[in-house]
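Here's start_24.csv, which has CSV, C-alpha atoms:
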chain,number,residue,atom,x,y,z
Z,1,MET,CA,72.0,85.2,112.9
Z,2,LYS,CA,73.3,82.5,110.7
Z,3,ALA,CA,76.1,83.4,108.2
Z,4,GLY,CA,75.0,83.4,104.5
Z,5,ASN,CA,76.6,83.8,101.2
Z,6,ILE,CA,75.8,85.9,98.1
Z,7,THR,CA,75.5,84.5,94.7
Z,8,ASN,CA,75.0,86.4,91.5
Z,9,SER,CA,73.9,86.0,87.9
Z,10,ILE,CA,76.3,88.4,86.2
Z,11,ARG,CA,77.7,85.7,83.9
Z,12,THR,CA,74.2,84.9,82.6
Z,13,LEU,CA,73.3,88.6,82.3
Z,14,ARG,CA,76.4,89.3,80.3
Z,15,PHE,CA,75.5,86.4,78.0
Z,16,LEU,CA,72.0,87.7,77.5
Z,17,ASN,CA,73.4,91.2,76.8
Z,18,GLY,CA,75.1,90.3,73.6
Z,19,GLU,CA,77.9,88.2,75.2
Z,20,MET,CA,79.3,91.3,76.9
Z,21,THR,CA,82.9,90.7,78.0
Z,22,GLN,CA,84.1,91.2,81.5
Z,23,GLN,CA,86.3,94.0,80.3
Z,24,GLU,CA,83.3,95.8,78.7
Z,25,LEU,CA,81.4,95.5,81.9
Z,26,ALA,CA,84.4,96.6,83.9
Z,27,ASP,CA,84.8,99.7,81.6
Z,28,LYS,CA,81.2,100.7,82.1
Z,29,LEU,CA,81.5,100.5,85.9
Z,30,GLY,CA,85.0,102.0,86.1
Z,31,VAL,CA,86.6,99.0,87.8
Z,32,THR,CA,89.1,96.5,86.6
Z,33,ARG,CA,88.3,93.1,84.9
Z,34,GLN,CA,90.0,91.4,87.8
Z,35,THR,CA,87.2,92.8,90.1
Z,36,ILE,CA,84.4,91.6,87.8
Z,37,ALA,CA,86.0,88.2,87.6
Z,38,SER,CA,86.3,87.9,91.4
Z,39,ILE,CA,82.6,89.0,91.8
Z,40,GLU,CA,81.4,86.5,89.2
Z,41,LYS,CA,83.3,83.7,90.9
Z,42,GLY,CA,81.9,84.6,94.3
Z,43,LYS,CA,85.3,85.4,95.6
Z,44,TYR,CA,84.4,89.0,96.4
Z,45,SER,CA,81.1,90.6,97.5
Z,46,PRO,CA,80.9,94.1,96.0
Z,47,THR,CA,80.0,97.2,97.9
Z,48,LEU,CA,76.3,98.2,97.8
Z,49,LEU,CA,77.1,101.1,95.4
Z,50,LEU,CA,78.9,98.8,92.9
Z,51,ALA,CA,76.1,96.2,93.3
Z,52,PHE,CA,73.5,98.8,92.4
Z,53,GLN,CA,75.7,100.0,89.5
Z,54,ILE,CA,76.0,96.5,88.1
Z,55,ALA,CA,72.2,96.0,88.3
Z,56,ASP,CA,71.8,99.4,86.6
Z,57,VAL,CA,74.0,98.3,83.6
Z,58,PHE,CA,71.7,95.3,83.0
Z,59,ASP,CA,68.6,97.3,83.7
Z,60,LYS,CA,67.6,94.9,86.5
Z,61,SER,CA,66.8,95.3,90.2
Z,62,ILE,CA,69.6,94.4,92.6
Z,63,ASN,CA,67.8,91.3,93.8
Z,64,GLU,CA,67.6,90.0,90.3
Z,65,VAL,CA,71.4,90.1,90.0
Z,66,PHE,CA,72.4,89.2,93.6
Z,67,THR,CA,70.8,86.6,95.8
Z,68,TYR,CA,71.4,86.2,99.5
Z,69,ASN,CA,71.4,82.5,100.6
Z,70,VAL,CA,71.2,81.7,104.3
Z,71,GLU,CA,73.1,78.5,105.1
L,72,MET,CA,104.6,78.1,78.5
L,73,GLU,CA,101.6,80.5,79.2
L,74,SER,CA,101.4,81.6,82.8
L,75,ASN,CA,97.9,81.3,84.4
L,76,LEU,CA,98.7,84.2,86.7
L,77,SER,CA,97.1,87.5,85.9
L,78,LEU,CA,99.1,90.7,85.8
L,79,HIS,CA,97.7,91.7,89.2
L,80,GLU,CA,98.7,88.4,90.7
L,81,LYS,CA,102.2,88.7,89.3
L,82,ARG,CA,102.6,92.2,90.8
L,83,PRO,CA,102.9,91.1,94.5
L,84,LEU,CA,105.2,88.3,93.5
L,85,ALA,CA,107.4,90.8,91.5
L,86,PHE,CA,107.4,93.1,94.5
L,87,MET,CA,108.4,90.2,96.8
L,88,GLY,CA,111.3,89.4,94.5
L,89,ILE,CA,112.2,93.1,94.4
L,90,ASP,CA,112.1,93.3,98.2
L,91,ILE,CA,114.3,90.2,98.7
L,92,ILE,CA,116.9,91.7,96.3
L,93,VAL,CA,116.8,95.1,98.0
L,94,PHE,CA,117.1,93.5,101.5
L,95,ALA,CA,119.9,91.2,100.4
L,96,LEU,CA,121.8,94.1,98.9
L,97,PHE,CA,121.1,96.4,101.9
L,98,HIS,CA,122.2,93.8,104.4
L,99,PHE,CA,125.3,93.0,102.4
L,100,PHE,CA,126.4,96.7,102.2
L,101,LEU,CA,125.2,97.4,105.7
L,102,PHE,CA,127.5,94.8,107.2
L,103,ARG,CA,130.3,95.7,104.8
L,104,MET,CA,130.1,99.3,105.9
L,105,PHE,CA,129.5,98.9,109.5
L,106,ASP,CA,131.1,95.6,110.3
L,107,SER,CA,134.2,97.0,111.9
L,108,SER,CA,132.2,99.7,113.7
L,109,ILE,CA,129.7,97.2,115.0
L,110,ASN,CA,132.4,94.9,116.3
L,111,LYS,CA,134.1,97.7,118.1
L,112,ALA,CA,131.0,99.5,119.4
L,113,ILE,CA,128.3,96.9,119.4
L,114,GLU,CA,126.3,98.9,121.9
L,115,ASP,CA,126.5,102.1,119.9
L,116,VAL,CA,122.8,102.6,119.1
L,117,SER,CA,123.4,105.5,116.7
L,118,ILE,CA,124.9,103.0,114.1
L,119,TRP,CA,121.7,100.9,114.4
L,120,ALA,CA,119.5,103.9,114.1
L,121,ILE,CA,121.3,105.0,110.9
L,122,ALA,CA,121.0,101.4,109.6
L,123,ILE,CA,117.3,101.1,110.2
L,124,LEU,CA,116.4,104.7,109.1
L,125,SER,CA,118.4,104.4,105.9
L,126,LEU,CA,116.4,101.3,105.0
L,127,ILE,CA,113.3,103.4,104.3
L,128,PRO,CA,114.6,105.6,101.5
L,129,ILE,CA,116.5,102.7,100.1
L,130,MET,CA,113.3,100.6,100.0
L,131,ILE,CA,111.3,103.4,98.4
L,132,VAL,CA,113.9,104.1,95.7
L,133,GLY,CA,114.7,100.5,95.1
L,134,ARG,CA,111.0,99.6,94.7
L,135,ILE,CA,110.3,102.5,92.3
L,136,LEU,CA,113.3,101.7,90.1
L,137,LEU,CA,112.9,97.9,90.0
L,138,TYR,CA,109.1,98.1,89.6
L,139,LEU,CA,109.5,100.5,86.7
L,140,LEU,CA,111.8,97.9,85.2
L,141,PHE,CA,109.2,95.1,85.9
L,142,SER,CA,106.4,97.1,84.3
L,143,LEU,CA,108.5,97.9,81.3
L,144,ILE,CA,109.5,94.3,80.7
L,145,ASN,CA,106.0,93.1,81.3
L,146,THR,CA,104.5,95.6,78.8
L,147,LEU,CA,107.1,94.6,76.2
L,148,VAL,CA,106.5,90.8,76.8
L,149,THR,CA,102.7,90.8,77.1
L,150,ASN,CA,101.8,93.9,75.1
L,151,LYS,CA,99.4,94.9,77.8
L,152,ARG,CA,99.5,98.0,79.9
L,153,GLU,CA,98.8,97.6,83.6
L,154,ASP,CA,95.4,99.0,84.6
L,155,LYS,CA,94.6,100.8,87.8
L,156,PHE,CA,93.6,97.8,89.9
L,157,GLN,CA,95.1,99.5,93.0
L,158,LYS,CA,92.5,102.2,92.7
L,159,ASP,CA,89.3,100.2,92.4
L,160,GLU,CA,87.4,98.9,95.4
L,161,LEU,CA,88.7,95.3,95.4
L,162,GLY,CA,92.3,96.6,95.0
L,163,LYS,CA,91.7,99.1,97.9
L,164,ILE,CA,90.4,96.4,100.2
L,165,ILE,CA,93.2,94.0,99.4
L,166,ARG,CA,95.8,96.8,100.0
L,167,LEU,CA,94.1,97.8,103.3
L,168,LYS,CA,94.1,94.2,104.5
L,169,SER,CA,97.7,93.5,103.5
L,170,ASN,CA,98.8,96.8,105.1
L,171,GLN,CA,97.1,95.7,108.3
L,172,ILE,CA,99.0,92.4,108.2
L,173,PHE,CA,102.2,94.4,107.5
L,174,SER,CA,101.6,96.6,110.6
L,175,ASN,CA,100.8,93.6,112.8
L,176,VAL,CA,104.0,91.8,111.7
L,177,ILE,CA,106.0,94.9,112.5
L,178,LEU,CA,104.4,95.2,115.9
L,179,LEU,CA,104.9,91.6,116.7
L,180,GLY,CA,108.6,91.8,115.5
L,181,PHE,CA,109.0,94.9,117.7
L,182,LEU,CA,107.7,93.1,120.8
L,183,ILE,CA,109.8,90.0,120.2
L,184,SER,CA,112.9,92.1,119.5
L,185,ILE,CA,112.4,94.1,122.7
L,186,SER,CA,111.8,90.9,124.7
L,187,THR,CA,115.3,89.7,123.8
L,188,LEU,CA,116.6,92.4,126.3
L,189,LEU,CA,114.6,90.7,129.1
L,190,ILE,CA,116.6,87.5,128.6
L,191,ASN,CA,119.9,89.4,128.7
L,192,MET,CA,120.7,89.1,125.1
L,193,PRO,CA,123.0,91.8,123.6
L,194,LEU,CA,121.5,95.1,122.2
L,195,SER,CA,122.5,94.1,118.7
L,196,SER,CA,120.1,91.2,118.8
L,197,MET,CA,117.2,93.6,119.4
L,198,PHE,CA,118.2,95.7,116.4
L,199,ASN,CA,118.8,92.7,114.3
L,200,GLY,CA,115.3,91.6,115.3
L,201,PHE,CA,113.9,95.0,114.2
L,202,LEU,CA,115.6,94.6,110.8
L,203,LEU,CA,114.3,91.1,110.5
L,204,SER,CA,110.8,92.1,111.3
L,205,ILE,CA,110.9,94.8,108.7
L,206,TYR,CA,112.0,92.3,106.1
L,207,ALA,CA,109.5,89.8,107.2
L,208,ALA,CA,106.6,92.3,107.2
L,209,PHE,CA,107.3,93.3,103.6
L,210,ILE,CA,107.5,89.7,102.4
L,211,ILE,CA,104.3,88.7,104.3
L,212,LYS,CA,102.5,91.8,103.0
L,213,ASN,CA,103.3,90.7,99.4
L,214,LEU,CA,102.3,87.1,100.1
L,215,SER,CA,99.0,88.2,101.7
L,216,GLU,CA,98.2,90.4,98.7
L,217,PHE,CA,98.9,87.5,96.4
L,218,TYR,CA,96.7,85.2,98.6
L,219,PHE,CA,93.7,87.7,98.6
L,220,LEU,CA,94.0,88.0,94.9
L,221,ARG,CA,93.9,84.3,94.4
L,222,LYS,CA,91.4,83.3,97.0
L,223,GLY,CA,89.2,86.4,97.2
L,224,THR,CA,88.2,88.5,100.1
L,225,SER,CA,85.4,90.3,101.7
L,226,ILE,CA,85.0,93.5,103.8

Show me this structure written as structure tokens.
Amino acid sequence: MKAGNITNSIRTLRFLNGEMTQQELADKLGVTRQTIASIEKGKYSPTLLLAFQIADVFDKSINEVFTYNVE
Amino acid sequence: MESNLSLHEKRPLAFMGIDIIVFALFHFFLFRMFDSSINKAIEDVSIWAIAILSLIPIMIVGRILLYLLFSLINTLVTNKREDKFQKDELGKIIRLKSNQIFSNVILLGFLISISTLLINMPLSSMFNGFLLSIYAAFIIKNLSEFYFLRKGTSI
């Protein structure tokens, strides 16, 4: 199977949720701002649990937040 | 000038600085204390065992004391408290990966050190190799932590 990459729309969703800061999102999820920043930049793919929790914060399904792209 | 490194990125660099200071001091005092003994009884393995085993508590105490100092200075300068990055999932993955690299360097150092005996080098070269691999492993661990923080990582 070809390798793919995961992109996300967290930055947009934060903007649409009253310009929520990375720190505010991190506090809601119980992680650090560094982790949120890394996920947003695509430097780190979160665990499935954290991905579901992020989607839950924005009241979206997981595939509305994360997209898997096959290269 | 404002640094573009985050607090988490400064941490492994601070640890690396701390480790280098501890190693330099340890090596200085080790050879000052044991220099005459080593010259007289270079093949006395107990001296080397003491040297290598004493490095562990020295490293732990040295790291704790100097890192407390780093955290204190950092808090005073930046007015920010360090959060628990080491406990969240990205922090854990980075720690796990850098610990794996640390173990691999130690193992490689051990194999290279023990190989020196095959080419008839003195016993002291093997123990010096052990010490060197411990120093190298700590430094590479800090550098890999810094690299993973900057470049990102995945499981």

Exercise for review: Might you pull out every residue within 9 Å of region 84-89 of chain L, with all atoms listed in the file counted and same-chain residues fewer than 5 positions away left off, and present them as a PyMOL selection string?
Suggested key: chain L and resi 94+133-134+137-138+141+209-214+216-217

Review point. Which one is closest to chain L: Z:Ile54, Z:Ile36, Z:Ile62, Z:Leu25? Count only C-alpha atoms.
Key: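 Of Z:Ile54, Z:Ile36, Z:Ile62, Z:Leu25, the one nearest chain L, counting only C-alpha atoms, is Z:Ile36.
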
Practice item. Find the residues with any atom within 8 Å of (70.5, 81.0, 106.2); use only C-alpha atoms and the coordinates as given in the file, and write the answer as a ChimeraX atom specification. Key: /Z:2-4,69-71

Review point. Which value, in Å to one decimal, gives the distance between CA of Lys168 (chain L) and CA of Leu143 (chain L)?
Key: 27.6 Å

**Study point:** For Ile185 (chain L), the nearest of the candidates L:Phe201, L:Phe102, L:Tyr206, L:Phe219, counting all atoms listed in the file
**Key:**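 So, comparing all the options, the nearest one is L:Phe201.
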
Review point. Could you work out how far CA of Leu101 (chain L) lies from CA of Ala122 (chain L), giving the answer in Å with one decimal?
Key: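 Taking CA of Ala122 (chain L) and CA of Leu101 (chain L), their separation equals 7.0 Å.
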
Point to revise | From Z:Ser61, Z:Thr12, Z:Asn5, Z:Thr21, residue lying nearest chain L [all atoms listed in the file] | key: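 Among the listed residues, Z:Asn5 lies closest to chain L.
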
Practice item. Just need the residues of chain L within 7 Å of chain Z, counting only C-alpha atoms, so spit them out as a list in words. Key: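 Within 7 Å of chain Z on chain L, we get Phe156, Asp159, Leu161, Lys222, Gly223, Thr224 and Ser225 of chain L.
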
Check your understanding: So how far away is CA of Lys81 (chain L) from CA of Leu167 (chain L), in Å?
Key ->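 Value for the CA of Leu167 (chain L)-CA of Lys81 (chain L) distance: 18.6 Å.
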
Review point. Near Ser184 (chain L), counting all atoms listed in the file, which residues have an atom at most 12 Å away, once you skip same-chain residues fewer than 5 positions from it, shown as a list of chain:residue names?
Key: L:Val176, L:Ile177, L:Leu178, L:Leu179, L:Leu189, L:Ile190, L:Asn191, L:Met192, L:Pro193, L:Leu194, L:Ser195, L:Ser196, L:Met197, L:Phe198, L:Asn199, L:Gly200, L:Phe201, L:Leu202, L:Leu203, L:Ser204, L:Ile205

Can you write just those residues out, C-alpha atoms, as a PDB file, in the coordinates of the input?
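selection20.pdb written:
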ATOM      1  CA  VAL L 176     104.000  91.800 111.700  1.00  0.00           C
ATOM      2  CA  ILE L 177     106.000  94.900 112.500  1.00  0.00           C
ATOM      3  CA  LEU L 178     104.400  95.200 115.900  1.00  0.00           C
ATOM      4  CA  LEU L 179     104.900  91.600 116.700  1.00  0.00           C
ATOM      5  CA  LEU L 189     114.600  90.700 129.100  1.00  0.00           C
ATOM      6  CA  ILE L 190     116.600  87.500 128.600  1.00  0.00           C
ATOM      7  CA  ASN L 191     119.900  89.400 128.700  1.00  0.00           C
ATOM      8  CA  MET L 192     120.700  89.100 125.100  1.00  0.00           C
ATOM      9  CA  PRO L 193     123.000  91.800 123.600  1.00  0.00           C
ATOM     10  CA  LEU L 194     121.500  95.100 122.200  1.00  0.00           C
ATOM     11  CA  SER L 195     122.500  94.100 118.700  1.00  0.00           C
ATOM     12  CA  SER L 196     120.100  91.200 118.800  1.00  0.00           C
ATOM     13  CA  MET L 197     117.200  93.600 119.400  1.00  0.00           C
ATOM     14  CA  PHE L 198     118.200  95.700 116.400  1.00  0.00           C
ATOM     15  CA  ASN L 199     118.800  92.700 114.300  1.00  0.00           C
ATOM     16  CA  GLY L 200     115.300  91.600 115.300  1.00  0.00           C
ATOM     17  CA  PHE L 201     113.900  95.000 114.200  1.00  0.00           C
ATOM     18  CA  LEU L 202     115.600  94.600 110.800  1.00  0.00           C
ATOM     19  CA  LEU L 203     114.300  91.100 110.500  1.00  0.00           C
ATOM     20  CA  SER L 204     110.800  92.100 111.300  1.00  0.00           C
ATOM     21  CA  ILE L 205     110.900  94.800 108.700  1.00  0.00           C
TER      22      ILE L 205
END

**Study point:** Top pick for closest residue to Ser169 (chain L), considering L:Ile118, L:Tyr218, L:Leu139, L:Val132 and counting all atoms listed in the file
**Key:**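 Between L:Ile118, L:Tyr218, L:Leu139, L:Val132, the residue approaching Ser169 (chain L) most closely is L:Tyr218.
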